[in-house]
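Only one structure is covered here, and it is reproduced in the block below.
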Amino acid sequence: MKTRRYQVKKEVETILKQGHPWIFKSHLSSATNVFKTGDLLSLVNAANEIVAYGFFEKDSLIAIRVIKFGKTPPDIKWFKAKLTQCLSKRENIKNFTEGYRAIHGENDGFPGVVFDVYNKTGVLQTYVPSVDPLGRYLASVLRKELHLETVLWKSPSRRKKEGVTRILYGKETKLQKIREGKLKISVDVGEGQKSGTFLDLRGLRKFISLQNLKGKRVLNLFSYTGTLGLAAEVAGASEIWNVDISKGALKSSEDYHSLDKKKYRYIAADVFKWIESLPPFEKYDVIIVDPPSMASEVKQVPVALKAYSRIYKRVLPHLKPNGMMIVCCCTSRIGRKQFTEVAKKSLSYSLSKIKSLAPEDDHPVGFPQGDYLKILVFNK
């Protein structure tokens, strides 16, 4: 692959030595003005030694996404070997489910590229234009390696203005049904959130489905399509309230993720407002709080943390004695320690035991910002 040379500052060399895959625009000199989005740069230090290779993105705060560290440039053989390494980590998961993440961006060494698999359908997402060619190449390899019949290319939410889902290979595919342990999940592939569903919540669904919830009441806030509610039903829950602002998501919950609809209440509402009007006598054995990301920028973090704290304190009185509170945070802007401290301060005066669920094998954490999903379980 053809590369262009760029000499990095000492502070950038330090970042690269730490194995961090991002170089921000603020760390670069005006010499990068000659580069175009998608250029593969060979990054050299003051001694003129190549220390890494990365893709340049002209109109992004993250200006260089590192694809490979060291002196040797990446080539086709290297890409295939790295991809094989990724897939080997998914073998155990494939025994549990037909839905998994084959490539998890920077955490797997492929910056800005995500590839999810649902049965014989794959969904590619590329988060910036500079990695579009890399994403399409990886999709072509994965189609053959995984014997996929259809591959879609979906624009992530931050790139929606550039287009919608496109078919790269095969024909249009609609609803896919995947096995996930005890659960059967329906996925509108290429639509809705992520690539069709929240694969990263598999560990929580597994955890909930293995609990003894016979005869229990469950409040599922920000329920989306109700897969966590389904997990609670499979675990024996007798009553599940799914609350979400999206009527469409609740309809999917009712149609696809409710084995016995008599056990459910589907409530379309702004959760933050709705919880204020919940009568004091309504009590639940399990409360799940899984809000969407509320901090896309660092300056938004304090507001998001206050929102977390406010809703935790508001729902806590509705938790029965010996109940379970599950809280989630899905933004990388909020660190694990920071989130845990806020949750503990808001809940631990009443809830004594705490458990943190680890990421699934197909969602590895390769650098600090890659640790975006935090799931904490509190028990009275």
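Chain lettering (A, B, ...) mirrors the order of the structure tokens, residue numbering begins at 1 for each chain separately, and ligand numbering begins at 1 in order of display.
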
All strand (DSSP E) positions in segment 162-212 of chain A, as a PDB file with N, CA and C atoms, in the first residue's frame:
ATOM      1  N   ARG A 166     -26.892   0.189   2.315  1.00  0.00           N
ATOM      2  CA  ARG A 166     -26.725  -0.282   0.934  1.00  0.00           C
ATOM      3  C   ARG A 166     -26.412  -1.770   0.930  1.00  0.00           C
ATOM      4  N   ILE A 167     -26.739  -2.428  -0.159  1.00  0.00           N
ATOM      5  CA  ILE A 167     -26.426  -3.850  -0.307  1.00  0.00           C
ATOM      6  C   ILE A 167     -25.093  -3.975  -1.030  1.00  0.00           C
ATOM      7  N   LEU A 168     -24.120  -4.604  -0.374  1.00  0.00           N
ATOM      8  CA  LEU A 168     -22.816  -4.842  -1.007  1.00  0.00           C
ATOM      9  C   LEU A 168     -22.802  -6.165  -1.748  1.00  0.00           C
ATOM     10  N   TYR A 169     -23.403  -7.187  -1.126  1.00  0.00           N
ATOM     11  CA  TYR A 169     -23.450  -8.519  -1.728  1.00  0.00           C
ATOM     12  C   TYR A 169     -24.801  -9.153  -1.421  1.00  0.00           C
ATOM     13  N   LEU A 175     -36.182  -9.191   8.333  1.00  0.00           N
ATOM     14  CA  LEU A 175     -36.062  -9.652   9.712  1.00  0.00           C
ATOM     15  C   LEU A 175     -35.241 -10.936   9.808  1.00  0.00           C
ATOM     16  N   GLN A 176     -34.304 -10.941  10.727  1.00  0.00           N
ATOM     17  CA  GLN A 176     -33.510 -12.124  11.014  1.00  0.00           C
ATOM     18  C   GLN A 176     -33.817 -12.584  12.434  1.00  0.00           C
ATOM     19  N   LYS A 177     -33.977 -13.866  12.623  1.00  0.00           N
ATOM     20  CA  LYS A 177     -34.189 -14.423  13.954  1.00  0.00           C
ATOM     21  C   LYS A 177     -32.927 -15.158  14.370  1.00  0.00           C
ATOM     22  N   ILE A 178     -32.397 -14.773  15.533  1.00  0.00           N
ATOM     23  CA  ILE A 178     -31.165 -15.397  16.010  1.00  0.00           C
ATOM     24  C   ILE A 178     -31.391 -16.047  17.367  1.00  0.00           C
ATOM     25  N   ARG A 179     -30.690 -17.141  17.573  1.00  0.00           N
ATOM     26  CA  ARG A 179     -30.682 -17.799  18.873  1.00  0.00           C
ATOM     27  C   ARG A 179     -29.640 -17.121  19.754  1.00  0.00           C
ATOM     28  N   GLU A 180     -29.975 -16.964  21.025  1.00  0.00           N
ATOM     29  CA  GLU A 180     -29.024 -16.400  21.978  1.00  0.00           C
ATOM     30  C   GLU A 180     -29.244 -17.109  23.318  1.00  0.00           C
ATOM     31  N   LEU A 183     -32.787 -17.507  24.573  1.00  0.00           N
ATOM     32  CA  LEU A 183     -33.622 -16.500  23.926  1.00  0.00           C
ATOM     33  C   LEU A 183     -33.680 -16.660  22.411  1.00  0.00           C
ATOM     34  N   LYS A 184     -34.784 -16.200  21.829  1.00  0.00           N
ATOM     35  CA  LYS A 184     -34.923 -16.068  20.392  1.00  0.00           C
ATOM     36  C   LYS A 184     -35.162 -14.590  20.110  1.00  0.00           C
ATOM     37  N   ILE A 185     -34.225 -13.959  19.423  1.00  0.00           N
ATOM     38  CA  ILE A 185     -34.286 -12.515  19.198  1.00  0.00           C
ATOM     39  C   ILE A 185     -34.499 -12.220  17.720  1.00  0.00           C
ATOM     40  N   SER A 186     -35.399 -11.287  17.449  1.00  0.00           N
ATOM     41  CA  SER A 186     -35.657 -10.850  16.072  1.00  0.00           C
ATOM     42  C   SER A 186     -34.918  -9.539  15.819  1.00  0.00           C
ATOM     43  N   VAL A 187     -34.251  -9.465  14.692  1.00  0.00           N
ATOM     44  CA  VAL A 187     -33.421  -8.305  14.357  1.00  0.00           C
ATOM     45  C   VAL A 187     -33.829  -7.746  13.000  1.00  0.00           C
ATOM     46  N   ASP A 188     -34.175  -6.460  12.981  1.00  0.00           N
ATOM     47  CA  ASP A 188     -34.439  -5.764  11.727  1.00  0.00           C
ATOM     48  C   ASP A 188     -33.080  -5.317  11.194  1.00  0.00           C
TER      49      ASP A 188
END

If you count only C-alpha atoms, which residues fall within 8 Å of Val218 of chain A, apart from same-chain ones fewer than 3 positions away, as a PyMOL selection string?
chain A and resi 229+232+237+239-241+284-288

Restricted to N, CA and C atoms, what would the selected residues look like written as a PDB file, in the first residue's frame?
ATOM      1  N   GLY A 229     -36.393  -7.306  28.625  1.00  0.00           N
ATOM      2  CA  GLY A 229     -37.664  -7.760  29.183  1.00  0.00           C
ATOM      3  C   GLY A 229     -37.919  -9.213  28.853  1.00  0.00           C
ATOM      4  N   ALA A 232     -35.999 -11.366  31.128  1.00  0.00           N
ATOM      5  CA  ALA A 232     -36.655 -11.441  32.433  1.00  0.00           C
ATOM      6  C   ALA A 232     -37.830 -12.411  32.394  1.00  0.00           C
ATOM      7  N   ALA A 237     -40.201 -14.066  35.289  1.00  0.00           N
ATOM      8  CA  ALA A 237     -40.918 -12.869  35.738  1.00  0.00           C
ATOM      9  C   ALA A 237     -42.393 -12.956  35.359  1.00  0.00           C
ATOM     10  N   GLU A 239     -44.498 -10.180  35.614  1.00  0.00           N
ATOM     11  CA  GLU A 239     -44.975  -8.887  35.116  1.00  0.00           C
ATOM     12  C   GLU A 239     -43.780  -8.037  34.696  1.00  0.00           C
ATOM     13  N   ILE A 240     -43.826  -7.526  33.472  1.00  0.00           N
ATOM     14  CA  ILE A 240     -42.725  -6.716  32.928  1.00  0.00           C
ATOM     15  C   ILE A 240     -43.295  -5.439  32.344  1.00  0.00           C
ATOM     16  N   TRP A 241     -42.775  -4.309  32.790  1.00  0.00           N
ATOM     17  CA  TRP A 241     -43.157  -3.007  32.236  1.00  0.00           C
ATOM     18  C   TRP A 241     -42.026  -2.527  31.338  1.00  0.00           C
ATOM     19  N   TYR A 284     -41.191  -2.788  42.444  1.00  0.00           N
ATOM     20  CA  TYR A 284     -40.671  -3.803  41.528  1.00  0.00           C
ATOM     21  C   TYR A 284     -39.531  -4.579  42.177  1.00  0.00           C
ATOM     22  N   ASP A 285     -39.397  -5.848  41.756  1.00  0.00           N
ATOM     23  CA  ASP A 285     -38.309  -6.687  42.263  1.00  0.00           C
ATOM     24  C   ASP A 285     -37.013  -6.420  41.501  1.00  0.00           C
ATOM     25  N   VAL A 286     -37.146  -6.025  40.242  1.00  0.00           N
ATOM     26  CA  VAL A 286     -35.986  -5.712  39.393  1.00  0.00           C
ATOM     27  C   VAL A 286     -36.270  -4.417  38.650  1.00  0.00           C
ATOM     28  N   ILE A 287     -35.311  -3.502  38.682  1.00  0.00           N
ATOM     29  CA  ILE A 287     -35.408  -2.267  37.900  1.00  0.00           C
ATOM     30  C   ILE A 287     -34.168  -2.166  37.015  1.00  0.00           C
ATOM     31  N   ILE A 288     -34.389  -1.987  35.716  1.00  0.00           N
ATOM     32  CA  ILE A 288     -33.293  -1.869  34.743  1.00  0.00           C
ATOM     33  C   ILE A 288     -33.296  -0.444  34.197  1.00  0.00           C
TER      34      ILE A 288
END

Nearest candidate to Gly105 of chain A (options A:Asn220, A:Ser346, A:Asn119, A:Thr126; using only C-alpha atoms):
A:Thr126

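Near segment 94-96 of chain A, within 12 Å and counting only C-alpha atoms, sit A:Leu87, A:Ser88, A:Ala102, A:Val117, A:Tyr118, A:Asn119, A:Leu146, A:Ile178, A:Arg179, A:Glu180, A:Gly181, A:Lys182, A:Leu183, A:Lys184, A:Arg202, A:Gly203, A:Lys206, A:Glu360, A:Asp361, A:Asp362; same-chain residues fewer than 6 positions away were not included.
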
All helix (DSSP H, G or I) positions in segment 17-134 of chain A, as JSON, numbers by chain
{"A": [17, 25, 26, 27, 30, 31, 32, 33, 34, 76, 77, 78, 79, 80, 81, 82, 83, 84, 85, 86, 87, 88, 91, 92, 93, 94, 105, 106, 107, 108, 129, 130, 131, 132, 133, 134]}

Considering only C-alpha atoms, return as a ChimeraX atom specification whatever protein or nucleic-acid residues lie within 10 Å of Tyr224 of chain A, sequence-local ones (same chain, fewer than 5 positions apart) excluded.
/A:192-193,197-198,229,242-253,290-292

How far is it from atom CA of Asp371 of chain A to atom CA of Lys68 of chain A, in Å with one decimal?
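According to the coordinates, atom CA of Asp371 of chain A and atom CA of Lys68 of chain A are separated by 20.3 Å.
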
Residues at most 12 Å from Asn33 of chain A, counting only C-alpha atoms, excluding those fewer than 5 positions away in the same chain, as a VMD selection string?
chain A and resid 6 25 28 39 56 to 59 63

Just write the chosen residues, C-alpha atoms, as a PDB file, in the first residue's frame.
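So the final result, stored in out_26.pdb, reads:
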ATOM      1  CA  TYR A   6       4.612  12.572   8.203  1.00  0.00           C
ATOM      2  CA  LYS A  25      -6.063  17.182  15.120  1.00  0.00           C
ATOM      3  CA  LEU A  28      -0.714  17.858  14.370  1.00  0.00           C
ATOM      4  CA  ASP A  39      -4.206   8.828   2.842  1.00  0.00           C
ATOM      5  CA  PHE A  56      -5.715  10.449   7.725  1.00  0.00           C
ATOM      6  CA  GLU A  57      -9.115  12.092   8.210  1.00  0.00           C
ATOM      7  CA  LYS A  58      -9.192  15.762   7.171  1.00  0.00           C
ATOM      8  CA  ASP A  59     -12.475  16.858   8.759  1.00  0.00           C
ATOM      9  CA  ALA A  63      -7.159  13.201  12.496  1.00  0.00           C
TER      10      ALA A  63
END

Near-Lys214 of chain A list (8 Å; only C-alpha atoms; drop same-chain fewer than 6 positions) as a ChimeraX atom specification
/A:235-238

Keeping only N, CA and C atoms, write the selected residues to a file as a compact mmCIF listing (two decimals), in the first residue's frame.
# COMPACT_ATOMS: atom_id res chain seq x y z
N ALA A 235 -36.68 -15.86 32.53
CA ALA A 235 -36.22 -16.17 33.88
C ALA A 235 -37.37 -16.37 34.87
N GLY A 236 -38.61 -16.19 34.38
CA GLY A 236 -39.76 -16.48 35.23
C GLY A 236 -40.57 -15.29 35.68
N ALA A 237 -40.20 -14.07 35.29
CA ALA A 237 -40.92 -12.87 35.74
C ALA A 237 -42.39 -12.96 35.36
N SER A 238 -43.24 -12.50 36.27
CA SER A 238 -44.68 -12.58 36.04
C SER A 238 -45.25 -11.29 35.47

What is the distance, in Å and to one decimal place, between atom CA of Lys154 of chain A and atom CA of Asp255 of chain A?
24.4 Å

My list of candidates is A:Ile334, A:Leu61, A:Ile23, A:Leu347. Which is closest to Val303 of chain A when distances are computed with only C-alpha atoms?
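Looking at the shortest contact to Val303 of chain A, the residue is A:Ile334.
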
Find the distance between atom CA of Pro359 of chain A and atom CA of Leu134 of chain A and write it in Å to one decimal.
25.6 Å

Which is closest to Leu148 of chain A among A:Glu233, A:Asp116, A:Glu49, A:Asp132, if we use only C-alpha atoms?
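For Leu148 of chain A, the nearest of the given residues is A:Asp116.
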
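Counting only C-alpha atoms, the residue from A:Pro302, A:Gly215, A:Pro21, A:Gly370 that sits nearest to Val234 of chain A is A:Gly215.
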
Residues near Glu149 of chain A, anyone? I mean within 9 Å using only C-alpha atoms, not counting same-chain ones fewer than 2 positions away, as a PDB file with C-alpha atoms, in the first residue's frame.
ATOM      1  CA  LYS A 120     -25.972 -15.592   6.966  1.00  0.00           C
ATOM      2  CA  THR A 121     -26.160 -11.798   6.847  1.00  0.00           C
ATOM      3  CA  GLY A 122     -23.313  -9.407   7.659  1.00  0.00           C
ATOM      4  CA  ARG A 143     -18.240 -12.772   3.206  1.00  0.00           C
ATOM      5  CA  HIS A 147     -20.020 -18.023   4.023  1.00  0.00           C
ATOM      6  CA  VAL A 151     -23.640  -8.137   3.249  1.00  0.00           C
ATOM      7  CA  TYR A 169     -23.450  -8.519  -1.728  1.00  0.00           C
ATOM      8  CA  GLY A 170     -26.528 -10.709  -2.109  1.00  0.00           C
ATOM      9  CA  LYS A 171     -30.094  -9.467  -1.927  1.00  0.00           C
TER      10      LYS A 171
END
